[in-house]
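> The structure that follows is given in the form of C-alpha cells.
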Amino acid sequence: MKKNAVIILIIGLILAQVAIIAYSYINDDKAVVKDDYIAVFKSESGESVNATYLYVTKKKNKKKKYTYINTKSTYSGYDSTNWTEKITKTGTLKKRKKIFEIAKKNNAYSYVRYEDGKIYSIEEFKKMFK
C-alpha cells in the first residue's frame with residue numbers, strides 16, 4: 001500500500017512540474033519585445049542595460065494607444081558575452097508624457113533612440129516629443 005502511495009505522489013509531482021513549465025512557456029510568448037517600437041529609453045552600466053520600449057497602435061476610432069515594455073539585460077553567465085533580455089513590466093499609457101516617469105522608474109533614463117535611428121538626450125527628446 002505504501003508503495004502505491006509513493007508512486008502516486010511521484011507521478012503527481014511530475015505532472016505538477018510539467019504544468020508549471022508549460023505555463024511559463026505560454027506566458028513568455030505573450031510579452032515579446034518587438035522591433036516596431038517608436039522609441040527606446042536606455043541606461044547602461046557595466047553589467048546591465050535597462051530599457052523602456054514605447055509602442056503606438058491605432059484603434060478603430062483612429063485614436064492612438066501607447067504601450068510600453070520595461071526590460072533588463074544582463075550577461076547570460078559569469079564568463080559569457082551573450083546578453084539575456086528579460087521583461088520586467090508591461091503596460092499601457094493614458095498620456096504619452098507618462099513614458100518619461102516610467103523610464104525613470106525603470107532606470108532607463110540616460111538617452112533615447114527614436115524610430116528614425118537617431119539618439120537623443122532625455123531633454124532633447126522631451127522637447128521633440130511634445
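Residue numbering restarts at 1 in every chain; chains get A, B, ... in the order shown in the C-alpha cells, and ligands count up from 1 in that same order.
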Which residues, written as a PyMOL selection string, have at least one atom at most 12 Å from Asp36 (chain A), with only C-alpha atoms counted and residues fewer than 5 positions away on the same chain left out?
chain A and resi 53-57+67-68+114-116
> Limited to N, CA, C and O atoms, could you put the picked residues into a file as a PDB file, in the first residue's frame?

ATOM      1  N   TYR A  53      10.740  50.327 -23.855  1.00  0.00           N
ATOM      2  CA  TYR A  53      10.308  50.418 -25.247  1.00  0.00           C
ATOM      3  C   TYR A  53       8.920  51.037 -25.307  1.00  0.00           C
ATOM      4  O   TYR A  53       8.031  50.655 -24.546  1.00  0.00           O
ATOM      5  N   LEU A  54       8.728  51.998 -26.215  1.00  0.00           N
ATOM      6  CA  LEU A  54       7.438  52.657 -26.391  1.00  0.00           C
ATOM      7  C   LEU A  54       6.854  52.272 -27.740  1.00  0.00           C
ATOM      8  O   LEU A  54       7.514  52.398 -28.775  1.00  0.00           O
ATOM      9  N   TYR A  55       5.607  51.789 -27.722  1.00  0.00           N
ATOM     10  CA  TYR A  55       4.903  51.360 -28.928  1.00  0.00           C
ATOM     11  C   TYR A  55       3.647  52.203 -29.097  1.00  0.00           C
ATOM     12  O   TYR A  55       3.066  52.664 -28.118  1.00  0.00           O
ATOM     13  N   VAL A  56       3.219  52.381 -30.348  1.00  0.00           N
ATOM     14  CA  VAL A  56       1.965  53.074 -30.622  1.00  0.00           C
ATOM     15  C   VAL A  56       1.152  52.223 -31.590  1.00  0.00           C
ATOM     16  O   VAL A  56       1.677  51.669 -32.548  1.00  0.00           O
ATOM     17  N   THR A  57      -0.132  52.112 -31.298  1.00  0.00           N
ATOM     18  CA  THR A  57      -1.056  51.421 -32.194  1.00  0.00           C
ATOM     19  C   THR A  57      -2.278  52.309 -32.371  1.00  0.00           C
ATOM     20  O   THR A  57      -2.601  53.113 -31.495  1.00  0.00           O
ATOM     21  N   THR A  67       1.700  51.819 -25.571  1.00  0.00           N
ATOM     22  CA  THR A  67       2.054  50.749 -24.647  1.00  0.00           C
ATOM     23  C   THR A  67       3.561  50.766 -24.445  1.00  0.00           C
ATOM     24  O   THR A  67       4.297  51.343 -25.248  1.00  0.00           O
ATOM     25  N   TYR A  68       4.004  50.143 -23.360  1.00  0.00           N
ATOM     26  CA  TYR A  68       5.437  50.097 -23.088  1.00  0.00           C
ATOM     27  C   TYR A  68       5.830  48.727 -22.559  1.00  0.00           C
ATOM     28  O   TYR A  68       5.001  47.975 -22.049  1.00  0.00           O
ATOM     29  N   TYR A 114      15.303  57.066 -31.106  1.00  0.00           N
ATOM     30  CA  TYR A 114      13.998  57.297 -31.731  1.00  0.00           C
ATOM     31  C   TYR A 114      13.850  56.410 -32.967  1.00  0.00           C
ATOM     32  O   TYR A 114      14.821  55.813 -33.432  1.00  0.00           O
ATOM     33  N   GLU A 115      12.639  56.352 -33.502  1.00  0.00           N
ATOM     34  CA  GLU A 115      12.365  55.468 -34.644  1.00  0.00           C
ATOM     35  C   GLU A 115      13.177  55.823 -35.886  1.00  0.00           C
ATOM     36  O   GLU A 115      13.371  54.972 -36.750  1.00  0.00           O
ATOM     37  N   ASP A 116      13.658  57.051 -35.976  1.00  0.00           N
ATOM     38  CA  ASP A 116      14.485  57.438 -37.117  1.00  0.00           C
ATOM     39  C   ASP A 116      15.933  56.954 -36.974  1.00  0.00           C
ATOM     40  O   ASP A 116      16.757  57.176 -37.852  1.00  0.00           O
TER      41      ASP A 116
END
> Quick one: residues within 8 Å of Glu85 (chain A), only C-alpha atoms counted, chain neighbours fewer than 2 positions away excluded, as a list in words?
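Counting only the stated atoms, we get Thr71, Lys72, Ser73, Thr74, Trp83 and Ile87 of chain A.
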> Write the residues you've just listed into a file as a compact mmCIF listing (two decimals), in the first residue's frame, and include N, CA, C and O atoms for each of them.

# COMPACT_ATOMS: atom_id res chain seq x y z
N THR A 71 12.52 46.35 -19.74
CA THR A 71 13.38 45.17 -19.74
C THR A 71 14.68 45.45 -18.99
O THR A 71 15.05 46.60 -18.78
N LYS A 72 15.32 44.35 -18.63
CA LYS A 72 16.67 44.43 -18.05
C LYS A 72 17.51 43.37 -18.75
O LYS A 72 17.13 42.20 -18.78
N SER A 73 18.63 43.79 -19.30
CA SER A 73 19.54 42.87 -19.99
C SER A 73 20.78 42.67 -19.13
O SER A 73 21.35 43.63 -18.61
N THR A 74 21.17 41.41 -19.01
CA THR A 74 22.38 41.06 -18.26
C THR A 74 23.13 39.98 -19.02
O THR A 74 22.58 39.36 -19.93
N TRP A 83 24.06 38.27 -24.04
CA TRP A 83 23.14 39.03 -23.20
C TRP A 83 21.78 38.35 -23.17
O TRP A 83 21.32 37.82 -24.17
N ILE A 87 11.89 40.68 -19.66
CA ILE A 87 10.83 41.67 -19.49
C ILE A 87 10.50 41.78 -18.01
O ILE A 87 10.23 40.77 -17.36
> Name the residues of region 4-126 of chain A that come out as alpha helix (DSSP H) in a backbone DSSP run; write them as a count of residues only.
40
> Would you give me, as a ChimeraX atom specification, the residues in chain A that DSSP reads as strand (DSSP E)?
/A:39-44,48-58,64-75,83-93,111-114,119-121
> When you look at Gly46 (chain A) with a cut-off of 12 Å (counting only C-alpha atoms), what residues show up, excluding the ones that are within fewer than 2 positions of it in the same chain? I need them as a list of chain:residue names.
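Counting only C-alpha atoms, the residues come to A:Ser43, A:Glu44, A:Ser48, A:Val49, A:Asn50, A:Ser73, A:Thr74, A:Tyr75.
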> Go ahead and write the residues just picked, all heavy atoms, as a PDB file, in the first residue's frame.

ATOM      1  N   SER A  43      19.567  52.974 -20.409  1.00  0.00           N
ATOM      2  CA  SER A  43      20.613  53.346 -19.481  1.00  0.00           C
ATOM      3  C   SER A  43      21.505  52.125 -19.327  1.00  0.00           C
ATOM      4  O   SER A  43      21.013  51.010 -19.154  1.00  0.00           O
ATOM      5  CB  SER A  43      20.023  53.755 -18.135  1.00  0.00           C
ATOM      6  OG  SER A  43      21.047  54.185 -17.280  1.00  0.00           O
ATOM      7  N   GLU A  44      22.803  52.332 -19.391  1.00  0.00           N
ATOM      8  CA  GLU A  44      23.739  51.213 -19.393  1.00  0.00           C
ATOM      9  C   GLU A  44      24.725  51.330 -18.247  1.00  0.00           C
ATOM     10  O   GLU A  44      25.153  52.416 -17.897  1.00  0.00           O
ATOM     11  CB  GLU A  44      24.501  51.187 -20.716  1.00  0.00           C
ATOM     12  CG  GLU A  44      23.601  51.087 -21.919  1.00  0.00           C
ATOM     13  CD  GLU A  44      24.321  51.310 -23.237  1.00  0.00           C
ATOM     14  OE1 GLU A  44      25.552  51.464 -23.230  1.00  0.00           O
ATOM     15  OE2 GLU A  44      23.641  51.323 -24.266  1.00  0.00           O
ATOM     16  N   SER A  48      24.764  45.582 -16.837  1.00  0.00           N
ATOM     17  CA  SER A  48      23.356  45.504 -17.247  1.00  0.00           C
ATOM     18  C   SER A  48      22.940  46.710 -18.078  1.00  0.00           C
ATOM     19  O   SER A  48      23.578  47.758 -18.047  1.00  0.00           O
ATOM     20  CB  SER A  48      22.458  45.387 -16.022  1.00  0.00           C
ATOM     21  OG  SER A  48      22.510  46.570 -15.252  1.00  0.00           O
ATOM     22  N   VAL A  49      21.848  46.509 -18.803  1.00  0.00           N
ATOM     23  CA  VAL A  49      21.228  47.570 -19.593  1.00  0.00           C
ATOM     24  C   VAL A  49      19.741  47.552 -19.279  1.00  0.00           C
ATOM     25  O   VAL A  49      19.087  46.525 -19.412  1.00  0.00           O
ATOM     26  CB  VAL A  49      21.433  47.346 -21.115  1.00  0.00           C
ATOM     27  CG1 VAL A  49      20.693  48.408 -21.915  1.00  0.00           C
ATOM     28  CG2 VAL A  49      22.901  47.333 -21.466  1.00  0.00           C
ATOM     29  N   ASN A  50      19.211  48.690 -18.848  1.00  0.00           N
ATOM     30  CA  ASN A  50      17.777  48.830 -18.626  1.00  0.00           C
ATOM     31  C   ASN A  50      17.194  49.554 -19.819  1.00  0.00           C
ATOM     32  O   ASN A  50      17.771  50.532 -20.310  1.00  0.00           O
ATOM     33  CB  ASN A  50      17.486  49.608 -17.355  1.00  0.00           C
ATOM     34  CG  ASN A  50      17.882  48.843 -16.109  1.00  0.00           C
ATOM     35  OD1 ASN A  50      17.917  47.626 -16.110  1.00  0.00           O
ATOM     36  ND2 ASN A  50      18.181  49.557 -15.052  1.00  0.00           N
ATOM     37  N   SER A  73      18.630  43.787 -19.301  1.00  0.00           N
ATOM     38  CA  SER A  73      19.542  42.870 -19.989  1.00  0.00           C
ATOM     39  C   SER A  73      20.777  42.667 -19.130  1.00  0.00           C
ATOM     40  O   SER A  73      21.347  43.627 -18.613  1.00  0.00           O
ATOM     41  CB  SER A  73      19.955  43.435 -21.337  1.00  0.00           C
ATOM     42  OG  SER A  73      18.837  43.628 -22.158  1.00  0.00           O
ATOM     43  N   THR A  74      21.173  41.408 -19.007  1.00  0.00           N
ATOM     44  CA  THR A  74      22.378  41.063 -18.257  1.00  0.00           C
ATOM     45  C   THR A  74      23.127  39.983 -19.023  1.00  0.00           C
ATOM     46  O   THR A  74      22.582  39.363 -19.934  1.00  0.00           O
ATOM     47  CB  THR A  74      22.035  40.540 -16.850  1.00  0.00           C
ATOM     48  OG1 THR A  74      21.151  39.429 -16.969  1.00  0.00           O
ATOM     49  CG2 THR A  74      21.403  41.617 -15.988  1.00  0.00           C
ATOM     50  N   TYR A  75      24.372  39.768 -18.612  1.00  0.00           N
ATOM     51  CA  TYR A  75      25.140  38.681 -19.205  1.00  0.00           C
ATOM     52  C   TYR A  75      24.494  37.349 -18.846  1.00  0.00           C
ATOM     53  O   TYR A  75      23.960  37.176 -17.755  1.00  0.00           O
ATOM     54  CB  TYR A  75      26.585  38.684 -18.709  1.00  0.00           C
ATOM     55  CG  TYR A  75      27.427  39.783 -19.303  1.00  0.00           C
ATOM     56  CD1 TYR A  75      27.982  40.756 -18.496  1.00  0.00           C
ATOM     57  CD2 TYR A  75      27.672  39.836 -20.665  1.00  0.00           C
ATOM     58  CE1 TYR A  75      28.757  41.773 -19.036  1.00  0.00           C
ATOM     59  CE2 TYR A  75      28.442  40.837 -21.216  1.00  0.00           C
ATOM     60  CZ  TYR A  75      28.978  41.797 -20.399  1.00  0.00           C
ATOM     61  OH  TYR A  75      29.739  42.790 -20.929  1.00  0.00           O
TER      62      TYR A  75
END
> Nearest to Val32 (chain A) among A:Arg96, A:Lys86, A:Lys104, A:Lys118, with distances taken over only C-alpha atoms: which residue is it?
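Using only C-alpha atoms, the shortest distance to Val32 (chain A) belongs to A:Lys86.
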> Find the residues near Tyr109 (chain A): any atom within 12 Å, counting only C-alpha atoms, skip ones fewer than 2 places away on the same chain, and give them as a PyMOL selection string.
chain A and resi 40-45+49-53+70+99-107+111-113+120-123+125-126
> One decimal, in Å: what's the spacing between CA of Leu93 (chain A) and CA of Lys64 (chain A)?
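That distance, rounded to one decimal, is 10.3 Å.
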> What does the structure give for the distance between CA of Lys95 (chain A) and CA of Tyr66 (chain A), in Å to one decimal?
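Going from CA of Lys95 (chain A) over to CA of Tyr66 (chain A), I get 8.0 Å.
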> Using CA of Lys127 (chain A) and CA of Asp35 (chain A) as the two end points, give the distance in Å to one decimal.
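Going from CA of Lys127 (chain A) over to CA of Asp35 (chain A) covers 24.2 Å.
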